[in-house]
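Coordinates as given in query-v8.pdb (PDB, C-alpha atoms):
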MODEL        1
ATOM      1  CA  MET A   9     -24.198 -16.297  -7.519
ATOM      2  CA  ASP A  10     -22.804 -17.805  -4.340
ATOM      3  CA  LEU A  11     -19.052 -18.196  -4.750
ATOM      4  CA  LYS A  12     -17.063 -18.865  -1.602
ATOM      5  CA  VAL A  13     -13.410 -19.779  -1.950
ATOM      6  CA  PRO A  14     -11.123 -21.310   0.681
ATOM      7  CA  ILE A  15      -8.391 -19.032   1.997
ATOM      8  CA  ASN A  16      -5.639 -19.091   4.576
ATOM      9  CA  ILE A  17      -5.447 -16.342   7.190
ATOM     10  CA  VAL A  18      -2.287 -15.297   9.013
ATOM     11  CA  GLU A  19      -2.546 -13.117  12.128
ATOM     12  CA  GLU A  20       0.698 -11.172  12.594
ATOM     13  CA  PHE A  21       2.046 -10.003  15.955
ATOM     14  CA  SER A  22       4.902  -7.683  16.916
ATOM     15  CA  GLU A  23       7.076 -10.420  18.421
ATOM     16  CA  ASP A  24       7.459 -12.530  15.245
ATOM     17  CA  ASP A  25       4.523 -14.643  16.371
ATOM     18  CA  GLU A  26       1.752 -15.813  14.041
ATOM     19  CA  VAL A  27      -1.610 -17.520  14.332
ATOM     20  CA  HIS A  28      -2.772 -19.448  11.269
ATOM     21  CA  ALA A  29      -6.369 -20.114  10.280
ATOM     22  CA  THR A  30      -8.507 -21.117   7.329
ATOM     23  CA  GLY A  31     -11.798 -19.637   6.196
ATOM     24  CA  LEU A  32     -14.168 -19.106   3.283
ATOM     25  CA  LEU A  33     -14.098 -15.792   1.399
ATOM     26  CA  ASP A  34     -17.415 -14.762  -0.165
ATOM     27  CA  MET A  35     -16.346 -13.248  -3.492
ATOM     28  CA  ALA A  36     -19.608 -11.263  -3.729
ATOM     29  CA  SER A  37     -19.695  -9.612  -0.297
ATOM     30  CA  GLY A  38     -16.121  -9.846   1.010
ATOM     31  CA  ASP A  39     -17.289 -11.580   4.192
ATOM     32  CA  ILE A  40     -15.091 -14.355   5.550
ATOM     33  CA  SER A  41     -16.876 -17.208   7.294
ATOM     34  CA  ARG A  42     -16.030 -20.532   8.916
ATOM     35  CA  VAL A  43     -12.746 -19.274  10.378
ATOM     36  CA  ASP A  44     -10.947 -22.256  11.890
ATOM     37  CA  TYR A  45      -7.754 -21.583  13.852
ATOM     38  CA  GLU A  46      -4.808 -23.986  13.775
ATOM     39  CA  ASP A  47      -3.312 -24.771  17.206
ATOM     40  CA  TYR A  48      -5.076 -21.800  18.818
ATOM     41  CA  ASP A  49      -7.914 -22.015  21.367
ATOM     42  CA  VAL A  50     -10.147 -18.954  20.994
ATOM     43  CA  ASP A  51     -12.233 -19.931  24.031
ATOM     44  CA  ALA A  52      -9.149 -19.984  26.259
ATOM     45  CA  GLU A  53      -7.051 -17.227  24.643
ATOM     46  CA  GLY A  54      -9.626 -14.892  23.071
ATOM     47  CA  LEU A  55      -9.549 -13.570  19.531
ATOM     48  CA  PRO A  56      -6.054 -13.025  18.137
ATOM     49  CA  CYS A  57      -6.958  -9.407  17.281
ATOM     50  CA  ASP A  58      -7.557  -8.718  20.997
ATOM     51  CA  ARG A  59      -3.939  -9.450  21.917
ATOM     52  CA  ASP A  60      -1.856  -6.405  22.865
ATOM     53  CA  ASP A  61       0.835  -7.309  20.320
ATOM     54  CA  TYR A  62      -1.607  -7.826  17.379
ATOM     55  CA  GLU A  63      -0.535  -5.942  14.256
ATOM     56  CA  PHE A  64      -2.552  -7.089  11.212
ATOM     57  CA  SER A  65      -4.163  -9.993   9.348
ATOM     58  CA  VAL A  66      -3.348 -11.265   5.861
ATOM     59  CA  GLY A  67      -5.404 -13.528   3.629
ATOM     60  CA  ILE A  68      -3.926 -15.878   1.047
ATOM     61  CA  LEU A  69      -5.847 -17.309  -1.896
ATOM     62  CA  ARG A  70      -4.050 -20.252  -3.522
ATOM     63  CA  ASN A  71      -4.587 -22.064  -6.793
ATOM     64  CA  ARG A  72      -2.241 -24.553  -8.510
ATOM     65  CA  GLY A  73       0.854 -23.394  -6.661
ATOM     66  CA  LYS A  74       0.175 -19.688  -7.170
ATOM     67  CA  GLU A  75      -1.122 -17.286  -4.562
ATOM     68  CA  VAL A  76      -2.630 -13.864  -4.041
ATOM     69  CA  GLU A  77      -2.115 -12.091  -0.702
ATOM     70  CA  PHE A  78      -4.499  -9.441   0.590
ATOM     71  CA  ARG A  79      -5.380  -7.434   3.672
ATOM     72  CA  VAL A  80      -8.029  -8.858   5.995
ATOM     73  CA  ASP A  81     -10.047  -6.578   8.279
ATOM     74  CA  VAL A  82     -11.218  -7.829  11.665
ATOM     75  CA  ASN A  83     -14.148  -6.257  13.501
ATOM     76  CA  LYS A  84     -12.917  -6.354  17.107
ATOM     77  CA  THR A  85     -16.454  -6.041  18.466
ATOM     78  CA  THR A  86     -17.965  -8.989  16.591
ATOM     79  CA  GLY A  87     -14.856 -10.977  15.617
ATOM     80  CA  GLN A  88     -16.090 -10.976  11.994
ATOM     81  CA  TYR A  89     -13.410 -11.195   9.297
ATOM     82  CA  SER A  90     -13.884  -9.438   5.947
ATOM     83  CA  VAL A  91     -12.169  -7.615   3.115
ATOM     84  CA  SER A  92     -13.116  -4.137   1.952
ATOM     85  CA  VAL A  93     -14.924  -3.536  -1.333
ATOM     86  CA  ASN A  94     -11.766  -2.040  -2.864
ATOM     87  CA  GLU A  95      -9.630  -4.929  -1.623
ATOM     88  CA  LEU A  96     -12.155  -7.443  -2.980
ATOM     89  CA  LEU A  97     -12.009  -5.837  -6.427
ATOM     90  CA  GLU A  98      -8.197  -5.969  -6.317
ATOM     91  CA  ILE A  99      -8.307  -9.647  -5.282
ATOM     92  CA  LYS A 100     -10.606 -10.493  -8.187
ATOM     93  CA  THR A 101      -8.415  -8.628 -10.679
ATOM     94  CA  ARG A 102      -5.133 -10.104  -9.449
ATOM     95  CA  ALA A 103      -6.531 -13.614  -9.059
ATOM     96  CA  ALA A 104      -8.046 -13.606 -12.546
ATOM     97  CA  ALA A 105      -4.758 -12.516 -14.126
ATOM     98  CA  LEU A 106      -2.623 -14.880 -12.071
ATOM     99  CA  PHE A 107      -4.799 -17.969 -12.326
ATOM    100  CA  ALA A 108      -5.642 -17.471 -16.014
ATOM    101  CA  ALA A 109      -1.931 -17.678 -16.836
ATOM    102  CA  GLY A 110      -1.997 -21.397 -16.023
ATOM    103  CA  PRO A 111       0.760 -23.412 -14.361
ATOM    104  CA  ASN A 112       4.406 -22.558 -15.047
TER     105      ASN A 112
ENDMDL
END

The structure in this file should be written as structure tokens.
Amino acid sequence: MDLKVPINIVEEFSEDDEVHATGLLDMASGDISRVDYEDYDVDAEGLPCDRDDYEFSVGILRNRGKEVEFRVDVNKTTGQYSVSVNELLEIKTRAAALFAAGPN
């Protein structure tokens, strides 16, 4: 089964700065593909995770006004975004419970 869901990614930095992006989370493998940065030129500025003030990345899965936040890992060598197996299981559990509840 090939299930990829759209997510938002927020790169957090120590000086209250953020870089926003979108991507596709593969719910089977945890890989995140098609990362597209908003108002950020990777060719000119490099990967956000390479900045000295980079702290962490967060993913957000949204559905009908509800959201699930989760940790996103970034491989600094390849620039590949992903979530760990444990994090992926947590995302699936939380998303199923939250989204099954229906709109408020």

Chain and number of each residue from the PyMOL selection byres ((chain A and resi 47) around 10), as a count of residues only: 9

Hits of the PyMOL selection byres ((chain A and resi 66) around 12) in this structure, as a PyMOL selection string: chain A and resi 15-21+26-31+63-65+67-69+76-82+89-91+95

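Applied to this file, the PyMOL selection byres ((chain A and resi 107) around 10) selects the residues Arg70, Asn71, Arg72, Gly73, Lys74, Glu75, Val76, Arg102, Ala103, Ala104, Ala105, Leu106, Ala108, Ala109, Gly110 and Pro111 of chain A.
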
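You can rank A:Ala52, A:Gln88, A:Asp60, A:Glu23 by their closest distance to Ile40 of chain A using all atoms listed in the file, and at the top of that list sits A:Gln88.
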
Between atom CA of Asp25 of chain A and atom CA of Thr85 of chain A - distance in Å to one decimal: 22.8 Å

Interatomic distance, atom CA of Leu33 of chain A to atom CA of Thr86 of chain A (Å, one decimal): 17.1 Å

Can you report as JSON the centre and edge lengths in Å, to one decimal, of an axis-aligned box around the listed atoms of segment 52-57 of chain A padded with 6 Å on each side?
{"center_x": -7.8, "center_y": -14.7, "center_z": 21.8, "size_x": 15.6, "size_y": 22.6, "size_z": 21.0}

Your completed segment 51-72 of chain A with N, CA and C atoms, as an mmCIF file, keeping the file's coordinate frame:
data_model
loop_
_atom_site.group_PDB
_atom_site.id
_atom_site.type_symbol
_atom_site.label_atom_id
_atom_site.label_comp_id
_atom_site.auth_asym_id
_atom_site.auth_seq_id
_atom_site.Cartn_x
_atom_site.Cartn_y
_atom_site.Cartn_z
ATOM 1 N N ASP A 51 -11.504 -19.952 22.762
ATOM 2 C CA ASP A 51 -12.233 -19.931 24.031
ATOM 3 C C ASP A 51 -11.302 -19.643 25.203
ATOM 4 N N ALA A 52 -10.102 -20.176 25.162
ATOM 5 C CA ALA A 52 -9.149 -19.984 26.259
ATOM 6 C C ALA A 52 -8.331 -18.703 26.112
ATOM 7 N N GLU A 53 -7.981 -18.333 24.865
ATOM 8 C CA GLU A 53 -7.051 -17.227 24.643
ATOM 9 C C GLU A 53 -7.701 -15.963 24.088
ATOM 10 N N GLY A 54 -8.961 -16.042 23.679
ATOM 11 C CA GLY A 54 -9.626 -14.892 23.071
ATOM 12 C C GLY A 54 -9.243 -14.756 21.607
ATOM 13 N N LEU A 55 -9.868 -13.799 20.942
ATOM 14 C CA LEU A 55 -9.549 -13.570 19.531
ATOM 15 C C LEU A 55 -8.118 -13.070 19.381
ATOM 16 N N PRO A 56 -7.420 -13.509 18.350
ATOM 17 C CA PRO A 56 -6.054 -13.025 18.137
ATOM 18 C C PRO A 56 -5.975 -11.498 18.042
ATOM 19 N N CYS A 57 -6.987 -10.863 17.444
ATOM 20 C CA CYS A 57 -6.958 -9.407 17.281
ATOM 21 C C CYS A 57 -7.074 -8.663 18.605
ATOM 22 N N ASP A 58 -7.452 -9.344 19.681
ATOM 23 C CA ASP A 58 -7.557 -8.718 20.997
ATOM 24 C C ASP A 58 -6.237 -8.727 21.764
ATOM 25 N N ARG A 59 -5.244 -9.433 21.246
ATOM 26 C CA ARG A 59 -3.939 -9.450 21.917
ATOM 27 C C ARG A 59 -3.274 -8.084 21.813
ATOM 28 N N ASP A 60 -2.534 -7.705 22.844
ATOM 29 C CA ASP A 60 -1.856 -6.405 22.865
ATOM 30 C C ASP A 60 -0.832 -6.261 21.750
ATOM 31 N N ASP A 61 -0.216 -7.373 21.337
ATOM 32 C CA ASP A 61 0.835 -7.309 20.320
ATOM 33 C C ASP A 61 0.320 -7.576 18.903
ATOM 34 N N TYR A 62 -1.015 -7.615 18.709
ATOM 35 C CA TYR A 62 -1.607 -7.826 17.379
ATOM 36 C C TYR A 62 -1.251 -6.662 16.468
ATOM 37 N N GLU A 63 -0.870 -6.983 15.224
ATOM 38 C CA GLU A 63 -0.535 -5.942 14.256
ATOM 39 C C GLU A 63 -1.488 -5.930 13.070
ATOM 40 N N PHE A 64 -1.673 -7.058 12.377
ATOM 41 C CA PHE A 64 -2.552 -7.089 11.212
ATOM 42 C C PHE A 64 -2.845 -8.530 10.812
ATOM 43 N N SER A 65 -3.802 -8.676 9.875
ATOM 44 C CA SER A 65 -4.163 -9.993 9.348
ATOM 45 C C SER A 65 -4.022 -9.986 7.834
ATOM 46 N N VAL A 66 -3.549 -11.106 7.299
ATOM 47 C CA VAL A 66 -3.348 -11.265 5.861
ATOM 48 C C VAL A 66 -4.118 -12.498 5.404
ATOM 49 N N GLY A 67 -4.748 -12.386 4.245
ATOM 50 C CA GLY A 67 -5.404 -13.528 3.629
ATOM 51 C C GLY A 67 -4.582 -14.006 2.445
ATOM 52 N N ILE A 68 -4.654 -15.298 2.176
ATOM 53 C CA ILE A 68 -3.926 -15.878 1.047
ATOM 54 C C ILE A 68 -4.878 -16.793 0.285
ATOM 55 N N LEU A 69 -5.042 -16.492 -0.987
ATOM 56 C CA LEU A 69 -5.847 -17.309 -1.896
ATOM 57 C C LEU A 69 -4.876 -18.081 -2.773
ATOM 58 N N ARG A 70 -4.990 -19.410 -2.764
ATOM 59 C CA ARG A 70 -4.050 -20.252 -3.522
ATOM 60 C C ARG A 70 -4.778 -21.039 -4.599
ATOM 61 N N ASN A 71 -4.058 -21.239 -5.709
ATOM 62 C CA ASN A 71 -4.587 -22.064 -6.793
ATOM 63 C C ASN A 71 -3.419 -22.590 -7.614
ATOM 64 N N ARG A 72 -3.283 -23.901 -7.696
ATOM 65 C CA ARG A 72 -2.241 -24.553 -8.510
ATOM 66 C C ARG A 72 -0.840 -23.993 -8.259
#
